[in-house]
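**Student:** For reference, this is structure.txt, and it has compact mmCIF, C-alpha atoms and all ligand atoms.
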```txt
# COMPACT_ATOMS: atom_id res chain seq x y z
CA MET Z 1 17.12 -1.44 17.75
CA SER Z 2 13.38 -1.27 17.04
CA PHE Z 3 11.74 1.81 15.62
CA SER Z 4 9.84 3.89 18.16
CA LYS Z 5 9.00 7.09 16.29
CA ILE Z 6 7.29 6.40 13.00
CA GLY Z 7 6.30 8.77 10.21
CA VAL Z 8 3.78 7.94 7.51
CA VAL Z 9 3.55 10.12 4.40
CA GLY Z 10 0.13 9.89 2.77
CA CYS Z 11 -3.09 8.97 4.54
CA GLY Z 12 -5.09 7.34 1.76
CA LEU Z 13 -6.16 3.71 1.75
CA MET Z 14 -2.69 2.33 2.44
CA GLY Z 15 -1.16 5.15 4.48
CA SER Z 16 -4.09 5.18 6.91
CA GLY Z 17 -3.82 1.40 7.35
CA ILE Z 18 -0.06 1.59 7.94
CA ALA Z 19 -0.48 4.43 10.45
CA GLU Z 20 -3.25 2.45 12.18
CA VAL Z 21 -1.22 -0.75 12.67
CA CYS Z 22 1.87 1.15 13.87
CA ALA Z 23 -0.19 3.20 16.36
CA LYS Z 24 -2.03 0.07 17.51
CA ALA Z 25 1.37 -1.49 18.22
CA GLY Z 26 2.03 1.38 20.65
CA ARG Z 27 4.31 3.45 18.42
CA ASP Z 28 4.29 7.25 18.30
CA VAL Z 29 3.10 7.97 14.73
CA ILE Z 30 3.10 11.23 12.78
CA VAL Z 31 0.98 11.17 9.63
CA ALA Z 32 1.61 13.78 6.92
CA GLU Z 33 -0.77 14.76 4.13
CA SER Z 34 -0.72 17.68 1.75
CA SER Z 35 -4.10 19.19 2.71
CA SER Z 36 -6.27 19.41 5.82
CA GLU Z 37 -9.15 17.77 3.89
CA ALA Z 38 -6.96 14.73 3.12
CA LEU Z 39 -5.85 14.59 6.77
CA GLN Z 40 -9.43 14.69 8.00
CA ALA Z 41 -10.46 11.97 5.58
CA GLY Z 42 -7.48 9.83 6.63
CA ALA Z 43 -8.21 10.27 10.34
CA ALA Z 44 -11.87 9.35 9.73
CA ARG Z 45 -10.79 6.24 7.82
CA ILE Z 46 -8.58 5.13 10.73
CA GLU Z 47 -11.36 5.77 13.25
CA LYS Z 48 -13.83 3.79 11.13
CA SER Z 49 -11.44 0.85 10.82
CA LEU Z 50 -10.70 0.84 14.57
CA GLY Z 51 -14.44 1.04 15.27
CA ARG Z 52 -14.91 -2.01 13.09
CA ALA Z 53 -12.21 -3.86 15.06
CA VAL Z 54 -13.97 -2.89 18.32
CA ARG Z 55 -17.32 -4.17 17.01
CA ALA Z 56 -15.60 -7.42 16.00
CA GLU Z 57 -14.23 -7.61 19.60
CA LYS Z 58 -10.65 -7.53 18.36
CA LEU Z 59 -9.91 -4.28 20.19
CA THR Z 60 -11.29 -2.67 23.36
CA GLU Z 61 -12.63 0.90 23.52
CA ASP Z 62 -9.59 1.80 25.65
CA GLU Z 63 -7.19 0.34 23.10
CA MET Z 64 -8.95 2.29 20.36
CA ALA Z 65 -8.57 5.50 22.39
CA SER Z 66 -4.87 4.86 23.07
CA THR Z 67 -4.30 4.05 19.38
CA MET Z 68 -5.89 7.36 18.35
CA ALA Z 69 -3.79 9.14 21.02
CA ASN Z 70 -0.61 7.72 19.42
CA LEU Z 71 -1.43 9.50 16.14
CA THR Z 72 -0.52 13.09 15.22
CA PHE Z 73 -1.67 14.56 11.90
CA VAL Z 74 0.46 17.21 10.19
CA ASP Z 75 0.57 18.94 6.82
CA SER Z 76 4.34 19.28 6.42
CA LEU Z 77 7.25 16.85 6.06
CA GLY Z 78 9.33 19.10 8.35
CA ALA Z 79 7.60 17.35 11.28
CA MET Z 80 9.43 14.12 10.35
CA GLU Z 81 12.74 15.42 11.73
CA ASP Z 82 12.91 13.13 14.80
CA ARG Z 83 11.47 9.97 13.16
CA ASP Z 84 13.57 6.80 13.02
CA LEU Z 85 11.34 5.16 10.38
CA VAL Z 86 9.31 6.99 7.74
CA VAL Z 87 7.02 5.02 5.43
CA GLU Z 88 5.95 6.80 2.24
CA ALA Z 89 2.52 5.73 0.98
CA VAL Z 90 1.42 8.33 -1.55
CA LEU Z 91 -0.05 7.64 -4.99
CA GLU Z 92 1.89 5.46 -7.47
CA ASP Z 93 3.61 8.29 -9.32
CA GLU Z 94 7.37 8.05 -9.62
CA ALA Z 95 8.00 11.80 -9.89
CA VAL Z 96 5.87 12.52 -6.81
CA LYS Z 97 7.59 9.79 -4.80
CA VAL Z 98 11.09 10.91 -5.86
CA ALA Z 99 10.27 14.47 -4.75
CA ILE Z 100 9.07 13.19 -1.36
CA PHE Z 101 12.24 11.13 -0.84
CA GLU Z 102 14.33 14.21 -1.64
CA GLN Z 103 12.41 16.19 0.97
CA LEU Z 104 12.56 13.38 3.55
CA SER Z 105 16.31 13.06 3.07
CA ASP Z 106 16.64 16.73 4.07
CA ALA Z 107 14.00 16.69 6.80
CA VAL Z 108 14.84 13.54 8.82
CA SER Z 109 17.88 14.11 11.04
CA VAL Z 110 18.07 10.91 13.14
CA PRO Z 111 21.31 9.04 12.28
CA GLY Z 112 20.51 5.69 10.62
CA ALA Z 113 16.83 6.61 10.14
CA VAL Z 114 15.18 4.33 7.58
CA LEU Z 115 13.17 5.78 4.70
CA ALA Z 116 10.77 3.14 3.39
CA SER Z 117 8.33 3.13 0.50
CA ASN Z 118 5.06 1.24 0.31
CA THR Z 119 5.25 1.42 -3.47
CA SER Z 120 3.56 -1.48 -5.26
CA SER Z 121 5.83 -1.43 -8.25
CA ILE Z 122 8.26 1.48 -8.58
CA PRO Z 123 11.91 0.37 -8.31
CA ILE Z 124 13.31 1.22 -4.86
CA MET Z 125 16.61 2.23 -6.45
CA LYS Z 126 14.93 5.20 -8.15
CA LEU Z 127 13.75 6.47 -4.75
CA ALA Z 128 17.01 5.64 -2.97
CA MET Z 129 19.04 7.71 -5.44
CA ALA Z 130 16.99 10.79 -4.51
CA THR Z 131 18.39 10.61 -0.95
CA ALA Z 132 21.75 11.23 0.71
CA ASN Z 133 21.80 7.74 2.26
CA PRO Z 134 20.56 5.15 -0.25
CA GLN Z 135 21.70 2.34 2.07
CA GLN Z 136 18.88 3.40 4.43
CA VAL Z 137 16.13 3.19 1.79
CA VAL Z 138 14.01 0.05 1.45
CA GLY Z 139 10.65 -1.16 0.14
CA VAL Z 140 8.16 -2.17 2.83
CA HIS Z 141 5.07 -3.21 0.92
CA PHE Z 142 1.84 -3.72 2.86
CA PHE Z 143 -1.42 -5.22 1.56
CA ASN Z 144 -4.95 -3.86 1.63
CA PRO Z 145 -6.73 -3.90 4.08
CA VAL Z 146 -3.55 -3.42 6.12
CA PRO Z 147 -5.00 -4.30 9.56
CA VAL Z 148 -6.28 -7.62 8.18
CA MET Z 149 -3.65 -8.80 5.70
CA GLY Z 150 -0.76 -10.75 7.22
CA LEU Z 151 1.98 -10.04 4.67
CA ILE Z 152 4.74 -7.51 4.12
CA GLU Z 153 7.10 -7.66 1.13
CA LEU Z 154 10.61 -6.41 1.97
CA VAL Z 155 12.41 -5.06 -1.06
CA SER Z 156 16.13 -4.25 -1.00
CA SER Z 157 17.75 -2.18 -3.71
CA LEU Z 158 21.31 -2.98 -4.78
CA LEU Z 159 22.45 -0.39 -2.21
CA THR Z 160 20.19 -1.17 0.79
CA SER Z 161 22.28 -2.20 3.81
CA ASP Z 162 21.76 -5.49 5.63
CA GLU Z 163 21.19 -3.53 8.85
CA THR Z 164 18.32 -1.56 7.27
CA VAL Z 165 16.68 -4.76 6.06
CA GLN Z 166 17.13 -6.52 9.39
CA ARG Z 167 15.62 -3.63 11.37
CA CYS Z 168 12.58 -3.60 9.06
CA ARG Z 169 12.24 -7.38 9.26
CA ASP Z 170 12.32 -7.29 13.07
CA PHE Z 171 9.75 -4.48 13.14
CA ALA Z 172 7.41 -6.15 10.63
CA THR Z 173 7.46 -9.52 12.37
CA GLY Z 174 8.08 -8.68 16.04
CA VAL Z 175 6.08 -5.46 16.36
CA LEU Z 176 3.43 -5.64 13.62
CA GLY Z 177 3.08 -9.44 13.65
CA LYS Z 178 3.24 -9.79 9.85
CA ARG Z 179 4.90 -12.53 7.79
CA VAL Z 180 7.72 -11.14 5.66
CA ILE Z 181 8.72 -12.28 2.19
CA ASP Z 182 11.80 -10.92 0.45
CA SER Z 183 11.89 -9.67 -3.09
CA GLN Z 184 14.50 -8.33 -5.43
CA ASP Z 185 14.00 -4.78 -6.64
CA ARG Z 186 11.97 -5.56 -9.77
CA ALA Z 187 8.73 -3.76 -10.71
CA GLY Z 188 5.78 -5.50 -9.04
CA PHE Z 189 8.02 -7.45 -6.64
CA VAL Z 190 6.57 -10.94 -5.96
CA VAL Z 191 2.86 -10.44 -5.33
CA ASN Z 192 1.91 -7.84 -7.92
CA ALA Z 193 3.98 -9.54 -10.62
CA LEU Z 194 1.64 -12.51 -10.11
CA LEU Z 195 -1.58 -10.70 -9.19
CA ILE Z 196 -1.76 -7.96 -11.83
CA PRO Z 197 -1.80 -10.27 -14.90
CA TYR Z 198 -4.68 -12.16 -13.25
CA LEU Z 199 -6.67 -8.97 -12.63
CA LEU Z 200 -5.97 -7.69 -16.15
CA SER Z 201 -7.08 -11.05 -17.62
CA ALA Z 202 -10.40 -10.74 -15.79
CA ILE Z 203 -10.87 -7.20 -17.15
CA ARG Z 204 -10.03 -8.36 -20.69
CA MET Z 205 -12.48 -11.25 -20.30
CA MET Z 206 -15.25 -8.84 -19.32
CA GLU Z 207 -14.26 -6.30 -21.98
CA SER Z 208 -14.46 -8.90 -24.74
CA GLY Z 209 -17.96 -9.95 -23.64
CA PHE Z 210 -16.71 -13.42 -22.78
CA ALA Z 211 -18.54 -13.35 -19.40
CA SER Z 212 -20.26 -10.83 -17.10
CA ALA Z 213 -18.50 -9.17 -14.16
CA GLU Z 214 -20.77 -11.04 -11.73
CA ASP Z 215 -20.03 -14.40 -13.32
CA ILE Z 216 -16.27 -13.86 -13.55
CA ASP Z 217 -16.16 -13.02 -9.84
CA ALA Z 218 -18.52 -15.82 -8.82
CA GLY Z 219 -16.32 -18.20 -10.82
CA MET Z 220 -13.24 -17.40 -8.75
CA VAL Z 221 -15.03 -17.06 -5.38
CA LEU Z 222 -17.07 -20.24 -5.62
CA GLY Z 223 -14.89 -22.18 -8.03
CA CYS Z 224 -11.51 -21.46 -6.44
CA ASN Z 225 -12.42 -20.34 -2.90
CA HIS Z 226 -10.86 -16.89 -3.30
CA PRO Z 227 -12.20 -14.44 -0.67
CA MET Z 228 -13.28 -12.08 -3.46
CA GLY Z 229 -13.37 -12.16 -7.26
CA PRO Z 230 -10.77 -10.37 -9.41
CA LEU Z 231 -13.06 -7.46 -10.37
CA ALA Z 232 -14.17 -6.83 -6.77
CA LEU Z 233 -10.50 -7.03 -5.79
CA THR Z 234 -9.59 -4.47 -8.46
CA ASP Z 235 -12.33 -2.24 -7.02
CA LEU Z 236 -10.80 -2.71 -3.54
CA ILE Z 237 -7.25 -1.93 -4.69
CA GLY Z 238 -8.47 1.02 -6.81
CA LEU Z 239 -8.54 1.05 -10.60
CA ASP Z 240 -6.04 3.93 -10.68
CA THR Z 241 -3.58 2.01 -8.53
CA THR Z 242 -4.08 -1.15 -10.60
CA MET Z 243 -3.47 0.89 -13.75
CA ALA Z 244 -0.31 2.50 -12.30
CA VAL Z 245 1.10 -0.86 -11.20
CA ALA Z 246 0.34 -2.42 -14.60
CA GLU Z 247 2.09 0.50 -16.34
CA SER Z 248 5.20 0.09 -14.14
CA LEU Z 249 5.29 -3.64 -14.86
CA TYR Z 250 4.82 -3.07 -18.59
CA GLU Z 251 7.52 -0.40 -18.59
CA GLU Z 252 9.96 -2.75 -16.84
CA PHE Z 253 9.33 -6.02 -18.70
CA LYS Z 254 7.59 -4.96 -21.97
CA GLU Z 255 5.46 -8.09 -21.77
CA GLN Z 256 1.94 -8.02 -23.17
CA LEU Z 257 0.44 -9.69 -20.09
CA TYR Z 258 1.14 -6.50 -18.12
CA ALA Z 259 -0.38 -4.10 -20.69
CA PRO Z 260 -3.43 -2.32 -19.21
CA PRO Z 261 -6.59 -3.10 -21.24
CA PRO Z 262 -8.37 -0.07 -22.80
CA LEU Z 263 -11.43 -0.60 -20.55
CA LEU Z 264 -9.29 -0.10 -17.42
CA SER Z 265 -7.79 3.03 -18.90
CA ARG Z 266 -11.20 4.48 -19.88
CA MET Z 267 -12.70 3.71 -16.47
CA CYS Z 268 -9.80 5.57 -14.81
CA ASP Z 269 -10.38 8.52 -17.19
CA ALA Z 270 -14.05 8.47 -16.14
CA GLY Z 271 -13.23 8.51 -12.43
CA LEU Z 272 -14.71 5.02 -11.94
CA LEU Z 273 -11.97 4.04 -9.51
CA GLY Z 274 -13.70 1.33 -7.48
CA ARG Z 275 -14.74 1.48 -3.83
CA LYS Z 276 -13.02 4.78 -3.16
CA SER Z 277 -15.15 6.58 -5.78
CA GLY Z 278 -18.33 4.56 -5.17
CA ARG Z 279 -18.26 2.82 -8.55
CA GLY Z 280 -15.87 0.59 -10.44
CA PHE Z 281 -16.85 -2.78 -11.86
CA PHE Z 282 -19.53 -2.78 -9.15
CA VAL Z 283 -21.46 -0.02 -7.33
CA TYR Z 284 -20.87 0.71 -3.62
CA ASN Z 285 -22.76 2.65 -0.96
CA ARG Z 286 -20.23 5.05 0.54
N1 LIG Z 301 -9.42 -4.20 11.78
C1 LIG Z 301 -9.26 -5.44 12.28
N2 LIG Z 301 -9.90 -6.53 11.79
C2 LIG Z 301 -10.73 -6.33 10.75
C3 LIG Z 301 -10.93 -5.06 10.17
C4 LIG Z 301 -10.22 -3.97 10.73
N3 LIG Z 301 -10.33 -2.76 10.22
N4 LIG Z 301 -11.77 -5.20 9.13
C5 LIG Z 301 -12.09 -6.49 9.05
N5 LIG Z 301 -11.47 -7.18 10.03
C6 LIG Z 301 -11.52 -8.60 10.26
C7 LIG Z 301 -12.93 -9.08 10.58
O1 LIG Z 301 -13.19 -8.96 11.96
C8 LIG Z 301 -12.88 -10.53 10.12
O2 LIG Z 301 -12.22 -11.32 11.11
P1 LIG Z 301 -12.66 -12.85 11.42
O3 LIG Z 301 -12.39 -13.59 10.14
O4 LIG Z 301 -11.77 -13.24 12.55
O5 LIG Z 301 -14.12 -12.74 11.76
C9 LIG Z 301 -11.96 -10.47 8.91
O6 LIG Z 301 -11.15 -9.29 9.05
C10 LIG Z 301 -12.73 -10.39 7.61
O7 LIG Z 301 -13.57 -9.26 7.67
P2 LIG Z 301 -15.10 -9.26 7.25
O8 LIG Z 301 -15.73 -10.55 7.69
O9 LIG Z 301 -15.73 -8.01 7.73
O10 LIG Z 301 -15.04 -9.12 5.71
P3 LIG Z 301 -14.90 -10.22 4.62
O11 LIG Z 301 -14.96 -11.59 5.16
O12 LIG Z 301 -15.85 -9.78 3.58
O13 LIG Z 301 -13.40 -9.99 4.13
C11 LIG Z 301 -11.58 -8.96 3.08
C12 LIG Z 301 -12.99 -8.78 3.59
C13 LIG Z 301 -10.60 -9.11 4.27
C14 LIG Z 301 -11.21 -7.69 2.31
C15 LIG Z 301 -11.52 -10.24 2.19
O14 LIG Z 301 -12.51 -10.17 1.20
C16 LIG Z 301 -10.18 -10.44 1.54
O15 LIG Z 301 -9.24 -10.94 2.15
N6 LIG Z 301 -10.08 -10.03 0.25
C17 LIG Z 301 -8.85 -10.11 -0.50
C18 LIG Z 301 -8.00 -8.91 -0.17
C19 LIG Z 301 -6.71 -8.92 -0.93
O16 LIG Z 301 -6.40 -9.79 -1.74
N7 LIG Z 301 -5.89 -7.89 -0.67
C20 LIG Z 301 -4.64 -7.72 -1.35
C21 LIG Z 301 -4.83 -6.68 -2.39
S1 LIG Z 301 -3.33 -6.45 -3.31
C22 LIG Z 301 -2.54 -5.23 -2.50
O17 LIG Z 301 -2.98 -4.70 -1.52
C23 LIG Z 301 -1.23 -4.84 -3.07
C24 LIG Z 301 -1.25 -3.52 -3.73
O18 LIG Z 301 0.06 -3.17 -4.04
C25 LIG Z 301 -2.06 -3.50 -5.02
```
Reformat the file's structure so that it appears as structure tokens.
**Tutor:**
Amino acid sequence: MSFSKIGVVGCGLMGSGIAEVCAKAGRDVIVAESSSEALQAGAARIEKSLGRAVRAEKLTEDEMASTMANLTFVDSLGAMEDRDLVVEAVLEDEAVKVAIFEQLSDAVSVPGAVLASNTSSIPIMKLAMATANPQQVVGVHFFNPVPVMGLIELVSSLLTSDETVQRCRDFATGVLGKRVIDSQDRAGFVVNALLIPYLLSAIRMMESGFASAEDIDAGMVLGCNHPMGPLALTDLIGLDTTMAVAESLYEEFKEQLYAPPPLLSRMCDAGLLGRKSGRGFFVYNR
């Protein structure tokens, strides 16, 4: 039984992308944010992304209009009552996510409804235990930019039911057209456990004066054919998100390779968060 009524909690970089791909696939999507400013910014982000797809001739004007018509923006989780899948995509803060799962567990009344998290690194079990039905809680981890990236990581906790996982797998592949990989419930899952040490190494290399930001990135783009260098990628992901994921990994494994370098920490303190703030390792026109 595929999901038809989707909820997305959080309309930042990831939440807006998740809402966009679900609405583009013809699903009725409710997007919740905590303030009307955040909702407006999220809606504008979705419109901009769809406009880009239209300009690239990947979407028609009519399809863009019907995608926007599939989206409803709300400022309360109470509106999630009739949803059969809710994807949480708020900032990487365990306490905030746990509180949202508690509220969703009370708000969503559809029997068997799945509560999913797009967390990059927080153990799914911690979120599942905040709900009345931990067997219906799962990690569904998308990649940025969501409309472009072809992967979803599916993360089962020790208590997630096979039915919950299968429904998410069918939705991710059959409806969203993404390739699914499965991961155990360990901080960072598969991709971030590999990616974050690489990004942190690039930051340490720059911090130590070993090479410039431009040269580090050119090295990986031209030398290894990566679509973007590690510092530009950190800017795309967001330095705050990178920092939060690194902290979760370090907390879980206590391995030095996951320890956030001081430069990353100081840049976060300074609000130099990457593309979203206009400046990170590089400067962006917003
Ligand atoms: N909707 C649909 N298609 C879009 C689009 C949109 N909003 N935006 C771009 N596209 C399409 C373009 O049309 C183009 O398609 P084509 O190849 O068929 O012509 C393609 O996507 C690439 O777009 P552009 O040519 O405009 O841009 P670039 O070539 O500069 O690529 C990029 C931009 C896709 C971001 C590329 O640099 C890239 O893949 N970078 C790596 C991104 C990455 O690694 N993401 C993962 C981050 S980790 C993560 O998210 C996990 C988290 O937990 C931390």
**Student:** Throw together the list of residues within 8 Å of ligand LIG 301 (chain Z), counting all atoms listed in the file, and drop it here as a PDB file with C-alpha atoms, in the coordinates of the input.
**Tutor:**
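The resulting part.pdb:
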```pdb
ATOM      1  CA  LYS Z  48     -13.830   3.790  11.130  1.00  0.00           C
ATOM      2  CA  SER Z  49     -11.440   0.850  10.820  1.00  0.00           C
ATOM      3  CA  LEU Z  50     -10.700   0.840  14.570  1.00  0.00           C
ATOM      4  CA  GLY Z  51     -14.440   1.040  15.270  1.00  0.00           C
ATOM      5  CA  ARG Z  52     -14.910  -2.010  13.090  1.00  0.00           C
ATOM      6  CA  ALA Z  53     -12.210  -3.860  15.060  1.00  0.00           C
ATOM      7  CA  ALA Z  56     -15.600  -7.420  16.000  1.00  0.00           C
ATOM      8  CA  GLU Z  57     -14.230  -7.610  19.600  1.00  0.00           C
ATOM      9  CA  LYS Z  58     -10.650  -7.530  18.360  1.00  0.00           C
ATOM     10  CA  ASN Z 118       5.060   1.240   0.310  1.00  0.00           C
ATOM     11  CA  THR Z 119       5.250   1.420  -3.470  1.00  0.00           C
ATOM     12  CA  SER Z 120       3.560  -1.480  -5.260  1.00  0.00           C
ATOM     13  CA  SER Z 121       5.830  -1.430  -8.250  1.00  0.00           C
ATOM     14  CA  HIS Z 141       5.070  -3.210   0.920  1.00  0.00           C
ATOM     15  CA  PHE Z 142       1.840  -3.720   2.860  1.00  0.00           C
ATOM     16  CA  PHE Z 143      -1.420  -5.220   1.560  1.00  0.00           C
ATOM     17  CA  ASN Z 144      -4.950  -3.860   1.630  1.00  0.00           C
ATOM     18  CA  PRO Z 145      -6.730  -3.900   4.080  1.00  0.00           C
ATOM     19  CA  VAL Z 146      -3.550  -3.420   6.120  1.00  0.00           C
ATOM     20  CA  PRO Z 147      -5.000  -4.300   9.560  1.00  0.00           C
ATOM     21  CA  VAL Z 148      -6.280  -7.620   8.180  1.00  0.00           C
ATOM     22  CA  MET Z 149      -3.650  -8.800   5.700  1.00  0.00           C
ATOM     23  CA  GLY Z 188       5.780  -5.500  -9.040  1.00  0.00           C
ATOM     24  CA  VAL Z 191       2.860 -10.440  -5.330  1.00  0.00           C
ATOM     25  CA  ASN Z 192       1.910  -7.840  -7.920  1.00  0.00           C
ATOM     26  CA  LEU Z 195      -1.580 -10.700  -9.190  1.00  0.00           C
ATOM     27  CA  HIS Z 226     -10.860 -16.890  -3.300  1.00  0.00           C
ATOM     28  CA  PRO Z 227     -12.200 -14.440  -0.670  1.00  0.00           C
ATOM     29  CA  MET Z 228     -13.280 -12.080  -3.460  1.00  0.00           C
ATOM     30  CA  LEU Z 233     -10.500  -7.030  -5.790  1.00  0.00           C
ATOM     31  CA  LEU Z 236     -10.800  -2.710  -3.540  1.00  0.00           C
ATOM     32  CA  ILE Z 237      -7.250  -1.930  -4.690  1.00  0.00           C
ATOM     33  CA  THR Z 241      -3.580   2.010  -8.530  1.00  0.00           C
ATOM     34  CA  THR Z 242      -4.080  -1.150 -10.600  1.00  0.00           C
ATOM     35  CA  VAL Z 245       1.100  -0.860 -11.200  1.00  0.00           C
TER      36      VAL Z 245
END
```
**Student:** Show me the residues around (9.6, 0.1, 9.8) - criterion: an atom at most 12 Å away, all atoms listed in the file counted - as a PyMOL selection string.
**Tutor:** chain Z and resi 1-8+18-19+21-22+25+27+29+83-88+113-118+136-142+152-154+164-176+178
**Student:** Distance atom CA of Ala32 of chain Z-atom CA of Leu13 of chain Z, one decimal place?
**Tutor:**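 So the two atoms, atom CA of Ala32 of chain Z and atom CA of Leu13 of chain Z, lie 13.7 Å apart.
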**Student:** May I have the residues within 6 Å of Ser157 of chain Z as a list in words, using all atoms listed in the file and disregarding those fewer than 5 positions away in the same chain?
**Tutor:**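 Non-adjacent residues within range: Ile124, Met125 and Asp185 of chain Z.
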**Student:** To one decimal place, how far is atom CA of Ser34 of chain Z from atom CA of Ser76 of chain Z in Å?
**Tutor:**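 Going from atom CA of Ser34 of chain Z over to atom CA of Ser76 of chain Z covers 7.1 Å.
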**Student:** Please, what distance in Å, to one decimal, runs between atom CA of Leu71 of chain Z and atom CA of Ala43 of chain Z?
**Tutor:**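 Here the two named atoms are 9.0 Å from each other.
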**Student:** With distances taken over all atoms listed in the file, which residue among Z:Leu158, Z:Val110, Z:Met205, Z:Leu151 lies nearest Ala128 of chain Z?
**Tutor:**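 Using all atoms listed in the file, the shortest distance to Ala128 of chain Z belongs to Z:Leu158.
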**Student:** Which is closer to Ser212 of chain Z than all the others in Z:Met267, Z:Phe282, Z:Val90, Z:Ala65, using all atoms listed in the file?
**Tutor:**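 Going through Z:Met267, Z:Phe282, Z:Val90, Z:Ala65 one by one, the smallest distance to Ser212 of chain Z is for Z:Phe282.
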**Student:** Near Ala44 of chain Z, within 12 Å and counting only C-alpha atoms, which residues show up once chain neighbours fewer than 5 positions away are dropped, as a list in words?
**Tutor:**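 Contacts, with the query itself left out: Cys11, Gly12, Leu13, Ser16, Gly17, Glu20, Glu37, Ala38, Leu39, Ser49, Leu50, Gly51, Met68 and Phe73 of chain Z.
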**Student:** So that I can check the surroundings of segment 104-109 of chain Z, please list as a ChimeraX atom specification every protein, DNA and RNA residue that reaches within 7 Å of it, counting only C-alpha atoms and ignoring chain neighbours fewer than 6 positions away.
**Tutor:** /Z:77-78,80-83,131-132
**Student:** Which residues, written as a list in words, have at least one atom at most 7 Å from Ser248 of chain Z, with all atoms listed in the file counted and residues fewer than 4 positions away on the same chain left out?
**Tutor:** Ser121, Ile122, Ala187, Ala244 and Glu252 of chain Z
